[in-house]
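Okay, my_file.cif is below, mmCIF, C-alpha atoms:
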data_entry
loop_
_atom_site.label_atom_id
_atom_site.label_comp_id
_atom_site.auth_asym_id
_atom_site.auth_seq_id
_atom_site.Cartn_x
_atom_site.Cartn_y
_atom_site.Cartn_z
CA ILE A 1 6.65 -19.05 22.77
CA ILE A 2 6.88 -22.62 24.07
CA SER A 3 3.14 -23.09 23.58
CA LEU A 4 3.38 -21.90 19.96
CA GLN A 5 6.33 -24.18 19.28
CA SER A 6 4.60 -27.20 20.81
CA GLY A 7 2.20 -27.54 17.89
CA GLU A 8 -0.62 -28.58 20.24
CA GLY A 9 -3.93 -27.14 19.08
CA VAL A 10 -5.25 -26.03 22.47
CA GLU A 11 -1.94 -24.57 23.68
CA SER A 12 -1.27 -22.78 20.39
CA SER A 13 -4.77 -21.30 20.31
CA TYR A 14 -4.45 -20.08 23.90
CA ALA A 15 -1.07 -18.50 23.20
CA LEU A 16 -2.25 -16.82 20.01
CA ASN A 17 -5.35 -15.43 21.72
CA ALA A 18 -3.23 -14.06 24.56
CA ILE A 19 -0.77 -12.38 22.17
CA LEU A 20 -3.66 -11.03 20.08
CA ILE A 21 -5.22 -9.36 23.11
CA VAL A 22 -1.89 -7.87 24.23
CA SER A 23 -1.03 -6.67 20.71
CA ALA A 24 -4.40 -4.96 20.41
CA GLY A 25 -3.62 -2.95 23.54
CA ALA A 26 -6.96 -3.81 25.15
CA GLU A 27 -7.26 -1.88 28.43
CA ALA A 28 -3.49 -1.34 28.45
CA PRO A 29 -1.90 2.03 29.29
CA SER A 30 -0.53 3.99 26.36
CA ASP A 31 3.02 3.76 27.73
CA PHE A 32 2.97 -0.05 27.82
CA PRO A 33 3.56 -1.25 24.25
CA LEU A 34 4.54 -4.79 23.28
CA SER A 35 8.15 -4.36 22.20
CA LEU A 36 9.33 -7.20 19.98
CA ALA A 37 12.97 -6.35 20.66
CA GLN A 38 12.43 -7.46 24.28
CA CYS A 39 10.54 -10.65 23.43
CA ASP A 40 13.45 -12.85 22.33
CA ASP A 41 12.32 -15.05 19.42
CA LEU A 42 8.62 -14.18 19.42
CA LEU A 43 8.63 -12.72 15.90
CA ASP A 44 10.49 -15.70 14.44
CA VAL A 45 8.07 -18.11 16.11
CA LEU A 46 5.07 -16.18 14.77
CA LEU A 47 6.57 -16.25 11.27
CA ASP A 48 7.13 -20.01 11.59
CA VAL A 49 3.47 -20.49 12.55
CA LEU A 50 2.37 -18.35 9.62
CA ALA A 51 4.59 -20.27 7.19
CA SER A 52 3.17 -23.60 8.33
CA HIS A 53 -0.46 -22.47 8.01
CA ALA A 54 -0.17 -20.26 4.91
CA PRO A 55 2.47 -21.91 2.70
CA CYS A 56 4.11 -19.54 0.24
CA ASP A 57 5.38 -20.16 -3.25
CA SER A 58 9.17 -20.53 -3.25
CA ASP A 59 9.43 -19.11 -6.78
CA THR A 60 11.41 -15.87 -6.67
CA SER A 61 11.26 -15.13 -10.40
CA LEU A 62 9.83 -11.85 -11.63
CA ASP A 63 7.05 -13.52 -13.63
CA HIS A 64 3.78 -11.58 -13.15
CA LEU A 65 5.67 -8.89 -11.21
CA LEU A 66 6.07 -5.24 -12.26
CA GLN A 67 4.01 -5.77 -15.40
CA ASP A 68 1.97 -3.06 -17.13
CA SER A 69 -1.12 -5.25 -16.85
CA LEU A 70 -1.82 -5.73 -13.16
CA LEU A 71 -4.86 -7.00 -11.32
CA THR A 72 -6.07 -3.98 -9.39
CA TYR A 73 -8.25 -3.26 -6.37
CA CYS A 74 -11.61 -2.93 -8.13
CA ASP A 75 -11.07 -6.06 -10.23
CA ALA A 76 -10.10 -8.03 -7.14
CA ILE A 77 -13.27 -6.91 -5.34
CA ASP A 78 -15.39 -8.02 -8.31
CA LEU A 79 -13.72 -11.44 -8.44
CA ALA A 80 -14.04 -11.92 -4.69
CA LEU A 81 -17.76 -11.06 -4.77
CA ALA A 82 -18.30 -13.38 -7.73
CA GLU A 83 -16.61 -16.24 -5.89
CA GLU A 84 -18.74 -15.70 -2.79
CA ALA A 85 -21.88 -15.79 -4.95
CA GLU A 86 -21.01 -19.25 -6.25
CA ILE A 87 -22.75 -22.22 -4.68
CA CYS A 88 -20.30 -24.89 -3.51
CA VAL A 89 -20.41 -27.80 -1.08
CA ARG A 90 -17.11 -26.99 0.60
CA ARG A 91 -15.72 -23.48 0.28
CA ARG A 92 -12.18 -24.64 1.18
CA GLN A 93 -12.13 -26.98 -1.84
CA SER A 94 -11.59 -29.97 0.48
CA LYS A 95 -12.50 -33.54 -0.43
CA THR A 96 -13.91 -34.54 2.96
CA GLN A 97 -15.59 -32.79 5.86
CA SER A 98 -12.67 -33.46 8.18
CA GLU A 99 -10.28 -31.86 5.69
CA GLU A 100 -12.65 -28.90 5.50
CA HIS A 101 -12.50 -28.42 9.27
CA GLU A 102 -8.71 -28.67 9.21
CA ALA A 103 -8.54 -26.09 6.42
CA ASP A 104 -10.80 -23.76 8.41
CA ARG A 105 -8.44 -24.06 11.38
CA ARG A 106 -5.34 -23.37 9.28
CA VAL A 107 -6.92 -20.29 7.74
CA ALA A 108 -8.08 -19.02 11.13
CA VAL A 109 -4.61 -19.42 12.64
CA ALA A 110 -2.98 -17.62 9.70
CA GLN A 111 -5.46 -14.75 10.01
CA VAL A 112 -4.80 -14.39 13.75
CA VAL A 113 -1.01 -14.31 13.20
CA LEU A 114 -1.39 -11.67 10.47
CA THR A 115 -3.63 -9.59 12.74
CA ILE A 116 -1.01 -9.79 15.50
CA LEU A 117 1.75 -8.74 13.09
CA ARG A 118 -0.41 -5.88 11.81
CA ASN A 119 -1.08 -4.66 15.36
CA LEU A 120 2.61 -4.84 16.26
CA SER A 121 3.72 -3.04 13.09
CA VAL A 122 1.80 0.14 13.93
CA MET A 123 3.56 0.48 17.30
CA PRO A 124 6.43 2.99 16.88
CA GLU A 125 8.66 0.85 19.14
CA ASN A 126 8.54 -2.02 16.61
CA CYS A 127 8.95 -0.16 13.32
CA THR A 128 12.75 -0.24 13.18
CA TYR A 129 12.89 -3.79 14.54
CA LEU A 130 10.52 -5.10 11.86
CA ALA A 131 12.16 -3.09 9.07
CA THR A 132 15.58 -4.53 9.89
CA HIS A 133 14.50 -8.10 10.69
CA LYS A 134 15.99 -10.62 8.28
CA ARG A 135 12.81 -12.64 7.74
CA PHE A 136 9.86 -10.29 8.17
CA ILE A 137 9.89 -8.25 4.94
CA PRO A 138 10.99 -11.15 2.67
CA MET A 139 8.28 -13.39 4.08
CA MET A 140 5.56 -10.78 3.64
CA ALA A 141 6.79 -10.26 0.07
CA SER A 142 6.72 -14.01 -0.55
CA LEU A 143 3.14 -14.11 0.73
CA LEU A 144 2.21 -11.26 -1.63
CA ARG A 145 3.79 -13.04 -4.61
CA THR A 146 1.90 -16.22 -3.78
CA ILE A 147 -1.40 -14.30 -3.60
CA GLN A 148 -0.66 -12.48 -6.86
CA ARG A 149 0.04 -15.77 -8.65
CA ASP A 150 -3.18 -17.47 -7.49
CA GLN A 151 -4.98 -18.94 -10.49
CA ARG A 152 -8.37 -17.67 -9.35
CA TRP A 153 -7.34 -14.11 -10.25
CA ASP A 154 -7.18 -15.28 -13.89
CA THR A 155 -3.64 -13.97 -14.13
CA ALA A 156 -1.47 -16.95 -13.12
CA HIS A 157 -1.53 -20.61 -12.13
CA GLY A 158 -0.58 -20.79 -8.43
CA THR A 159 -2.53 -23.00 -5.99
CA ALA A 160 -0.48 -22.73 -2.77
CA LEU A 161 -3.24 -20.78 -0.96
CA ALA A 162 -6.23 -22.65 -2.40
CA ALA A 163 -7.75 -23.04 1.08
CA PHE A 164 -8.16 -19.26 1.35
CA SER A 165 -11.07 -17.53 -0.34
CA LEU A 166 -10.40 -14.55 -2.60
CA ARG A 167 -12.00 -12.29 -0.02
CA GLU A 168 -9.56 -13.59 2.60
CA LEU A 169 -6.63 -13.10 0.23
CA LEU A 170 -7.79 -9.53 -0.35
CA HIS A 171 -7.88 -8.94 3.42
CA ILE A 172 -4.34 -10.33 3.70
CA ARG A 173 -3.21 -7.75 1.16
CA LYS A 174 -4.81 -5.03 3.25
CA ASP A 175 -3.11 -6.31 6.41
CA VAL A 176 0.30 -6.40 4.71
CA LEU A 177 -0.33 -2.88 3.40
CA THR A 178 -0.82 -1.66 6.97
CA MET A 179 2.37 -3.44 8.02
CA MET A 180 4.25 -1.87 5.13
CA LEU A 181 3.07 1.60 6.15
CA GLY A 182 4.28 0.91 9.68
CA VAL A 183 7.81 -0.09 8.66
CA ALA A 184 8.31 2.25 5.67
CA GLY A 185 10.79 5.02 6.24
CA GLU A 186 14.51 5.55 6.71
CA ALA A 187 14.95 2.26 8.61
CA LEU A 188 13.66 0.28 5.63
CA GLU A 189 16.68 0.08 3.33
CA LEU A 190 15.62 -1.48 0.06
CA ARG A 191 19.17 -2.31 -1.00
CA ARG A 192 19.17 -5.13 1.57
CA PHE A 193 16.40 -7.02 -0.24
CA ALA A 194 16.20 -9.08 -3.40
CA VAL A 195 14.60 -7.61 -6.52
CA ALA A 196 11.66 -10.02 -6.21
CA THR A 197 10.96 -8.72 -2.70
CA ILE A 198 11.04 -5.10 -3.82
CA ALA A 199 8.85 -5.90 -6.84
CA ALA A 200 6.21 -7.54 -4.63
CA MET A 201 6.12 -4.48 -2.35
CA VAL A 202 5.79 -2.07 -5.28
CA ASP A 203 3.06 -4.18 -6.88
CA LEU A 204 1.11 -4.13 -3.62
CA LEU A 205 1.10 -0.33 -3.67
CA ARG A 206 0.23 -0.27 -7.38
CA PHE A 207 -2.61 -2.70 -6.68
CA PHE A 208 -4.39 0.01 -4.69
CA VAL A 209 -3.12 3.24 -6.25
CA LEU A 210 -3.81 2.44 -9.92
CA ASP A 211 -7.54 2.08 -9.21
CA ALA A 212 -7.94 5.19 -7.05
CA VAL A 213 -10.13 7.14 -9.47
CA GLU A 214 -12.23 4.14 -10.55
CA PHE A 215 -12.77 3.10 -6.92
CA GLU A 216 -14.17 6.52 -6.06
CA GLN A 217 -16.36 6.52 -9.17
CA ARG A 218 -17.86 3.21 -8.05
CA HIS A 219 -18.11 3.74 -4.32
CA GLY A 220 -17.76 7.49 -3.77
CA THR A 221 -20.08 10.45 -4.18
CA SER A 222 -20.85 11.42 -7.77
CA SER A 223 -19.79 14.81 -9.12
CA ASP A 224 -23.46 15.74 -9.71
CA ALA A 225 -24.24 15.10 -6.06
CA LEU A 226 -21.27 17.23 -5.05
CA GLU A 227 -22.51 20.13 -7.14
CA ARG A 228 -25.99 19.91 -5.59
CA ALA A 229 -24.64 19.76 -2.05
CA SER A 230 -24.46 22.94 -0.01
CA SER A 231 -21.10 24.18 1.21
CA SER A 232 -21.99 23.30 4.80
CA ALA A 233 -22.61 19.68 3.79
CA LEU A 234 -19.24 19.17 2.17
CA VAL A 235 -17.66 16.43 4.24
CA PHE A 236 -15.46 14.38 1.95
CA HIS A 237 -13.35 11.46 2.97
CA ALA A 238 -10.56 9.64 1.17
CA PRO A 239 -10.69 5.94 0.24
CA HIS A 240 -9.02 4.35 3.24
CA HIS A 241 -6.72 1.69 1.82
CA ILE A 242 -5.77 3.80 -1.20
CA PHE A 243 -4.80 6.56 1.23
CA LEU A 244 -2.69 4.06 3.18
CA ALA A 245 -1.00 2.95 -0.04
CA LEU A 246 -0.17 6.55 -0.95
CA GLN A 247 1.25 7.17 2.51
CA ALA A 248 3.39 4.03 2.29
CA LEU A 249 4.57 4.97 -1.20
CA SER A 250 5.53 8.48 -0.07
CA LEU A 251 7.61 7.07 2.81
CA LEU A 252 9.16 4.31 0.73
CA THR A 253 10.34 6.70 -1.97
CA LEU A 254 11.55 9.45 0.38
CA PRO A 255 15.13 8.33 1.21
CA ASP A 256 17.49 8.92 -1.70
CA ALA A 257 19.02 5.46 -1.26
CA ASN A 258 15.60 3.89 -1.80
CA ARG A 259 14.93 6.14 -4.79
CA ASP A 260 18.13 4.88 -6.39
CA VAL A 261 17.09 1.25 -5.88
CA LEU A 262 13.56 1.82 -7.17
CA ALA A 263 14.82 3.65 -10.24
CA TYR A 264 16.86 0.56 -11.07
CA CYS A 265 14.18 -2.04 -10.27
CA ILE A 266 10.99 -0.49 -11.69
CA PRO A 267 10.69 -0.67 -15.51
CA LEU A 268 10.25 2.63 -17.32
CA SER A 269 6.78 1.72 -18.57
CA VAL A 270 5.63 0.99 -15.01
CA GLN A 271 7.09 4.30 -13.80
CA ILE A 272 5.19 6.16 -16.51
CA GLN A 273 1.99 4.28 -15.69
CA LEU A 274 2.21 5.03 -11.98
CA VAL A 275 3.05 8.71 -12.48
CA SER A 276 0.18 9.07 -14.97
CA ARG A 277 -2.30 7.64 -12.47
CA LEU A 278 -1.04 9.91 -9.72
CA ILE A 279 -1.59 12.95 -11.92
CA THR A 280 -5.27 11.99 -12.20
CA LEU A 281 -5.55 12.46 -8.43
CA LEU A 282 -4.74 16.17 -8.70
CA PRO A 283 -7.64 18.66 -8.66
CA ILE A 284 -8.97 19.66 -12.08
CA SER A 285 -12.62 20.65 -11.88
CA VAL A 286 -14.38 23.07 -9.53
CA SER A 287 -15.86 20.15 -7.60
CA ASP A 288 -12.34 18.77 -7.06
CA PHE A 289 -11.25 22.01 -5.40
CA ARG A 290 -14.43 22.15 -3.35
CA ARG A 291 -13.52 18.81 -1.82
CA PHE A 292 -10.64 20.51 0.00
CA ALA A 293 -13.27 21.69 2.47
CA SER A 294 -12.37 18.40 4.13
CA LEU A 295 -8.96 18.33 5.80
CA THR A 296 -8.77 14.59 5.14
CA ARG A 297 -9.23 15.18 1.42
CA LEU A 298 -6.54 17.86 1.42
CA GLU A 299 -4.11 15.49 3.16
CA TYR A 300 -5.00 12.78 0.64
CA THR A 301 -4.14 15.07 -2.29
CA GLU A 302 -0.96 16.34 -0.58
CA THR A 303 0.19 12.74 -0.14
CA ALA A 304 -0.50 11.99 -3.80
CA ALA A 305 1.50 15.10 -4.71
CA ILE A 306 4.56 14.07 -2.69
CA CYS A 307 4.36 10.58 -4.25
CA LEU A 308 4.30 12.26 -7.66
CA TYR A 309 7.31 14.39 -6.76
CA ASN A 310 9.30 11.43 -5.41
CA LEU A 311 8.63 9.27 -8.45
CA ILE A 312 9.55 12.01 -10.92
CA TYR A 313 12.66 12.74 -8.85
CA LEU A 314 13.87 9.14 -9.20
CA ALA A 315 12.75 8.80 -12.82
CA PRO A 316 15.31 8.95 -15.65
CA LEU A 317 15.14 11.62 -18.31
CA ALA A 318 13.16 9.37 -20.69
CA VAL A 319 10.30 9.07 -18.18
CA LYS A 320 10.31 12.80 -17.43
CA THR A 321 10.17 13.62 -21.11
CA ALA A 322 7.30 11.18 -21.70
CA ILE A 323 5.29 12.66 -18.81
CA ARG A 324 6.06 16.26 -19.75
CA ASP A 325 5.00 15.65 -23.36
CA THR A 326 1.75 13.95 -22.36
CA LEU A 327 -1.16 16.10 -23.48
CA GLY A 328 -2.70 18.02 -20.58
CA VAL A 329 -0.13 17.29 -17.88
CA PRO A 330 1.54 20.76 -17.80
CA GLY A 331 -1.90 22.37 -17.87
CA ILE A 332 -3.13 20.28 -14.92
CA LEU A 333 -0.15 21.29 -12.80
CA PHE A 334 -0.38 24.98 -13.80
CA ARG A 335 -4.15 25.19 -13.25
CA ALA A 336 -3.94 23.51 -9.84
CA VAL A 337 -1.16 25.81 -8.62
CA LYS A 338 -2.85 28.94 -9.97
CA HIS A 339 -6.22 28.09 -8.43
CA LEU A 340 -4.72 27.22 -5.04
CA ILE A 341 -2.47 30.30 -4.87
CA MET A 342 -5.34 32.64 -5.77
CA SER A 343 -7.63 31.14 -3.13
CA THR A 344 -6.31 33.72 -0.60
CA ARG A 345 -4.84 37.19 -0.93
CA ASP A 346 -2.06 36.56 1.58
CA TYR A 347 0.05 33.55 0.59
CA ALA A 348 1.48 33.33 4.11
CA GLN A 349 -2.03 32.46 5.29
CA ASN A 350 -2.79 30.10 2.39
CA PRO A 351 -3.96 26.70 3.72
CA TYR A 352 -2.75 25.05 0.50
CA ASP A 353 0.86 26.27 0.62
CA VAL A 354 2.26 22.75 1.17
CA LEU A 355 0.38 21.37 -1.82
CA CYS A 356 1.40 24.37 -3.95
CA ARG A 357 5.08 23.95 -3.14
CA ARG A 358 4.99 20.26 -3.98
CA LEU A 359 3.30 20.85 -7.32
CA ILE A 360 5.71 23.67 -8.21
CA GLU A 361 8.73 21.49 -7.37
CA THR A 362 7.25 18.68 -9.46
CA ALA A 363 6.83 21.01 -12.45
CA HIS A 364 10.42 22.18 -11.96
CA LEU A 365 11.66 18.57 -12.09
CA LEU A 366 9.77 17.94 -15.32
CA ILE A 367 11.36 21.00 -16.93
CA ASP A 368 14.92 20.05 -15.93
CA ASP A 369 16.66 18.03 -18.63
CA LYS A 370 18.85 16.08 -16.22
CA ASP A 371 18.81 13.11 -13.89
CA SER A 372 17.90 14.33 -10.39
CA LEU A 373 19.57 11.35 -8.70
CA ASP A 374 22.95 12.65 -9.88
CA GLU A 375 22.45 15.78 -7.80
CA SER A 376 23.19 16.27 -4.12
CA PRO A 377 20.69 14.56 -1.75
CA LEU A 378 20.02 17.98 -0.18
CA LEU A 379 18.16 18.96 -3.34
CA GLY A 380 15.49 16.37 -2.57
CA MET A 381 12.24 17.43 -0.98
CA TYR A 382 11.89 16.41 2.65
#
How does this structure look as structure tokens?
Amino acid sequence: IISLQSGEGVESSYALNAILIVSAGAEAPSDFPLSLAQCDDLLDVLLDVLASHAPCDSDTSLDHLLQDSLLTYCDAIDLALAEEAEICVRRRQSKTQSEEHEADRRVAVAQVVLTILRNLSVMPENCTYLATHKRFIPMMASLLRTIQRDQRWDTAHGTALAAFSLRELLHIRKDVLTMMLGVAGEALELRRFAVATIAAMVDLLRFFVLDAVEFEQRHGTSSDALERASSSALVFHAPHHIFLALQALSLLTLPDANRDVLAYCIPLSVQIQLVSRLITLLPISVSDFRRFASLTRLEYTETAAICLYNLIYLAPLAVKTAIRDTLGVPGILFRAVKHLIMSTRDYAQNPYDVLCRRLIETAHLLIDDKDSLDESPLLGMY
């Protein structure tokens, strides 16, 4: 901690490398985690280092947050690849070579700190500590807002992180997503945070989830190839970071207290948009059902289904009515449940019983003409 606070390049680098190795658990026994609760002010010092090397925008307004039009995963990948293809003298946009070297060092330090925080966030011992820390979640949200407002995404005019390339900003989003998955749950009480913080967290999840289908169309196996493949060759995986986003969303929207906060903070149009995209992740065609030969794919769809249930549970009647009246939605739910139930003669032995129950409960919520949040918390699905 003293070395990090000294500001000396050599001492800070040595300290960061040491913490990075320990946080990664290299050659450490499984019962020897790095507990932040026992490390005094280590987290605050790491956040101070991050703030000094990756300055965040202090604007806490909701401009560019929770909007229907949102830069999504696939678009960000395209912009990052286009930027890397450009020929430039100095990629950090520095005026001199010495400034370029200093910018490289600042970016490297910020990346190391974020990697350390990501490693620590996936340790169960640190989840509650990070979720209840006064600075951690707000600072990560501030970093996300600053990235989202960067002018190079063609959506805003921010320049606070100009030294970082778009590819590096995209990796930061992925790191924060992993941190968010680690801390999401009952310990993360959204009512303790400002609306701008909650909006940044929701937009991070939307950033990945809204492009789930398009991402697989671009980078996954085509439906024609799936049809030609033999049953023994069906090994389907889920898009990694989209899966993480769905898992984080399912945990974030599980506690009823968080559902109440999200119902208040998220605009109705954004709720409808997110629910509509989640419905597209449900199985429709024969090839979609065949993909359940992979346990990973089944878990991916189950997670999307619980996210769908949680969002419809917190949604007001206007959103439920809009979703229910959308052409094809009732048919998708009915067809999926019917196909999964009929896959085995004995329902007690049905491998898709969890998915079936979630889809049936979701259909039940859509039929009910009342606000689910007014009911007892025991009626929620846990």
| said: From the options A:Leu117, A:Leu205, A:Leu47, A:Val112, which residue's atoms come nearest to Met139 of chain A, counting all atoms listed in the file? | reply: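 For Met139 of chain A, the nearest of the candidates is A:Leu47.
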Could you write out as lines of an AutoDock Vina configuration file the box around segment 107-114 of chain A (axis-aligned, all atoms listed in the file, 4 Å on each side), with centre and edge lengths in Å to one decimal?
center_x = -4.5
center_y = -16.0
center_z = 10.7
size_x = 15.1
size_y = 16.6
size_z = 14.0
| message | as a list in words, please: the residues near Thr159 of chain A (cut-off 10 Å, all atoms listed in the file, same-chain neighbours under 4 positions excluded). | response |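 Listed by chain and then number, they are Cys56, Asp57, Thr146, Ile147, Arg149, Asp150, Gln151, Arg152, Ala163 and Phe164 of chain A.
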| request: Name all residues at most 12 Å from segment 329-339 of chain A (count all atoms listed in the file; drop same-chain ones fewer than 2 positions away) and give them as an MDAnalysis selection string. | output: chainID A and resid 275:286 288:290 301 305 308:309 320:327 341:345 347 350 352:367
| field | Nearest candidate to Leu16 of chain A (options A:Met123, A:Val109, A:Asp44, A:Gln217; using all atoms listed in the file) | value |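 Answer, going by the shortest atom-to-atom distance: A:Val109.
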| query | A:Leu210, A:Ala184, A:Ile312, A:Ala141: which is nearest Leu251 of chain A, counting only C-alpha atoms? | reply |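 Under the stated criterion, the closest residue is A:Ala184.
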| request: Grab the atom CA of Ala263 of chain A to atom CA of Leu249 of chain A distance for me, in Å with one decimal place. | output: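 Computing the Euclidean distance for atom CA of Ala263 of chain A and atom CA of Leu249 of chain A yields 13.7 Å.
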| When distances are computed from all atoms listed in the file, which of A:Leu298, A:Leu34, A:Cys88, A:Ile77 shows the smallest separation from Leu166 of chain A? |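 Looking only at the distances to Leu166 of chain A, the closest residue turns out to be A:Ile77.
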| request: Report the distance between atom CA of Asn258 of chain A and atom CA of Gly185 of chain A in Å, rounded to one decimal place. | output: 9.4 Å
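Of the listed residues (A:Gln97, A:Thr115, A:Ser69, A:Ser58), A:Thr115 comes nearest to Leu46 of chain A; the distances count only C-alpha atoms.
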Rebuild segment 330-337 of chain A to all heavy atoms - output it as a PDB file, keeping the file's coordinate frame, please.
ATOM      1  N   PRO A 330       1.109  19.418 -18.256  1.00  0.00           N
ATOM      2  CA  PRO A 330       1.540  20.760 -17.800  1.00  0.00           C
ATOM      3  C   PRO A 330       0.365  21.650 -17.416  1.00  0.00           C
ATOM      4  O   PRO A 330       0.438  22.400 -16.434  1.00  0.00           O
ATOM      5  CB  PRO A 330       2.300  21.314 -19.011  1.00  0.00           C
ATOM      6  CG  PRO A 330       2.733  20.109 -19.785  1.00  0.00           C
ATOM      7  CD  PRO A 330       1.625  19.121 -19.612  1.00  0.00           C
ATOM      8  N   GLY A 331      -0.738  21.551 -18.172  1.00  0.00           N
ATOM      9  CA  GLY A 331      -1.900  22.370 -17.870  1.00  0.00           C
ATOM     10  C   GLY A 331      -2.537  22.018 -16.539  1.00  0.00           C
ATOM     11  O   GLY A 331      -3.001  22.897 -15.806  1.00  0.00           O
ATOM     12  N   ILE A 332      -2.562  20.707 -16.201  1.00  0.00           N
ATOM     13  CA  ILE A 332      -3.130  20.280 -14.920  1.00  0.00           C
ATOM     14  C   ILE A 332      -2.324  20.850 -13.764  1.00  0.00           C
ATOM     15  O   ILE A 332      -2.884  21.386 -12.792  1.00  0.00           O
ATOM     16  CB  ILE A 332      -3.177  18.743 -14.853  1.00  0.00           C
ATOM     17  CG1 ILE A 332      -4.213  18.193 -15.844  1.00  0.00           C
ATOM     18  CG2 ILE A 332      -3.502  18.273 -13.437  1.00  0.00           C
ATOM     19  CD1 ILE A 332      -4.221  16.674 -15.943  1.00  0.00           C
ATOM     20  N   LEU A 333      -0.999  20.757 -13.857  1.00  0.00           N
ATOM     21  CA  LEU A 333      -0.150  21.290 -12.800  1.00  0.00           C
ATOM     22  C   LEU A 333      -0.302  22.807 -12.674  1.00  0.00           C
ATOM     23  O   LEU A 333      -0.441  23.348 -11.566  1.00  0.00           O
ATOM     24  CB  LEU A 333       1.313  20.924 -13.067  1.00  0.00           C
ATOM     25  CG  LEU A 333       1.671  19.436 -12.957  1.00  0.00           C
ATOM     26  CD1 LEU A 333       3.102  19.193 -13.432  1.00  0.00           C
ATOM     27  CD2 LEU A 333       1.506  18.951 -11.534  1.00  0.00           C
ATOM     28  N   PHE A 334      -0.282  23.511 -13.816  1.00  0.00           N
ATOM     29  CA  PHE A 334      -0.380  24.980 -13.800  1.00  0.00           C
ATOM     30  C   PHE A 334      -1.729  25.415 -13.255  1.00  0.00           C
ATOM     31  O   PHE A 334      -1.805  26.333 -12.419  1.00  0.00           O
ATOM     32  CB  PHE A 334      -0.161  25.526 -15.206  1.00  0.00           C
ATOM     33  CG  PHE A 334      -0.322  27.014 -15.300  1.00  0.00           C
ATOM     34  CD1 PHE A 334       0.692  27.864 -14.863  1.00  0.00           C
ATOM     35  CD2 PHE A 334      -1.489  27.583 -15.804  1.00  0.00           C
ATOM     36  CE1 PHE A 334       0.548  29.246 -14.927  1.00  0.00           C
ATOM     37  CE2 PHE A 334      -1.645  28.952 -15.874  1.00  0.00           C
ATOM     38  CZ  PHE A 334      -0.623  29.790 -15.437  1.00  0.00           C
ATOM     39  N   ARG A 335      -2.810  24.790 -13.704  1.00  0.00           N
ATOM     40  CA  ARG A 335      -4.150  25.190 -13.250  1.00  0.00           C
ATOM     41  C   ARG A 335      -4.308  24.951 -11.753  1.00  0.00           C
ATOM     42  O   ARG A 335      -4.866  25.795 -11.043  1.00  0.00           O
ATOM     43  CB  ARG A 335      -5.207  24.407 -14.021  1.00  0.00           C
ATOM     44  CG  ARG A 335      -6.629  24.632 -13.504  1.00  0.00           C
ATOM     45  CD  ARG A 335      -7.648  23.841 -14.310  1.00  0.00           C
ATOM     46  NE  ARG A 335      -8.955  23.860 -13.684  1.00  0.00           N
ATOM     47  CZ  ARG A 335      -9.815  24.861 -13.761  1.00  0.00           C
ATOM     48  NH1 ARG A 335      -9.492  25.951 -14.434  1.00  0.00           N
ATOM     49  NH2 ARG A 335     -10.993  24.793 -13.165  1.00  0.00           N
ATOM     50  N   ALA A 336      -3.809  23.812 -11.267  1.00  0.00           N
ATOM     51  CA  ALA A 336      -3.940  23.510  -9.840  1.00  0.00           C
ATOM     52  C   ALA A 336      -3.196  24.530  -8.999  1.00  0.00           C
ATOM     53  O   ALA A 336      -3.734  25.060  -8.019  1.00  0.00           O
ATOM     54  CB  ALA A 336      -3.435  22.100  -9.567  1.00  0.00           C
ATOM     55  N   VAL A 337      -1.952  24.842  -9.382  1.00  0.00           N
ATOM     56  CA  VAL A 337      -1.160  25.810  -8.620  1.00  0.00           C
ATOM     57  C   VAL A 337      -1.802  27.193  -8.658  1.00  0.00           C
ATOM     58  O   VAL A 337      -1.916  27.870  -7.630  1.00  0.00           O
ATOM     59  CB  VAL A 337       0.281  25.861  -9.160  1.00  0.00           C
ATOM     60  CG1 VAL A 337       1.051  27.007  -8.507  1.00  0.00           C
ATOM     61  CG2 VAL A 337       0.984  24.541  -8.909  1.00  0.00           C
TER      62      VAL A 337
END
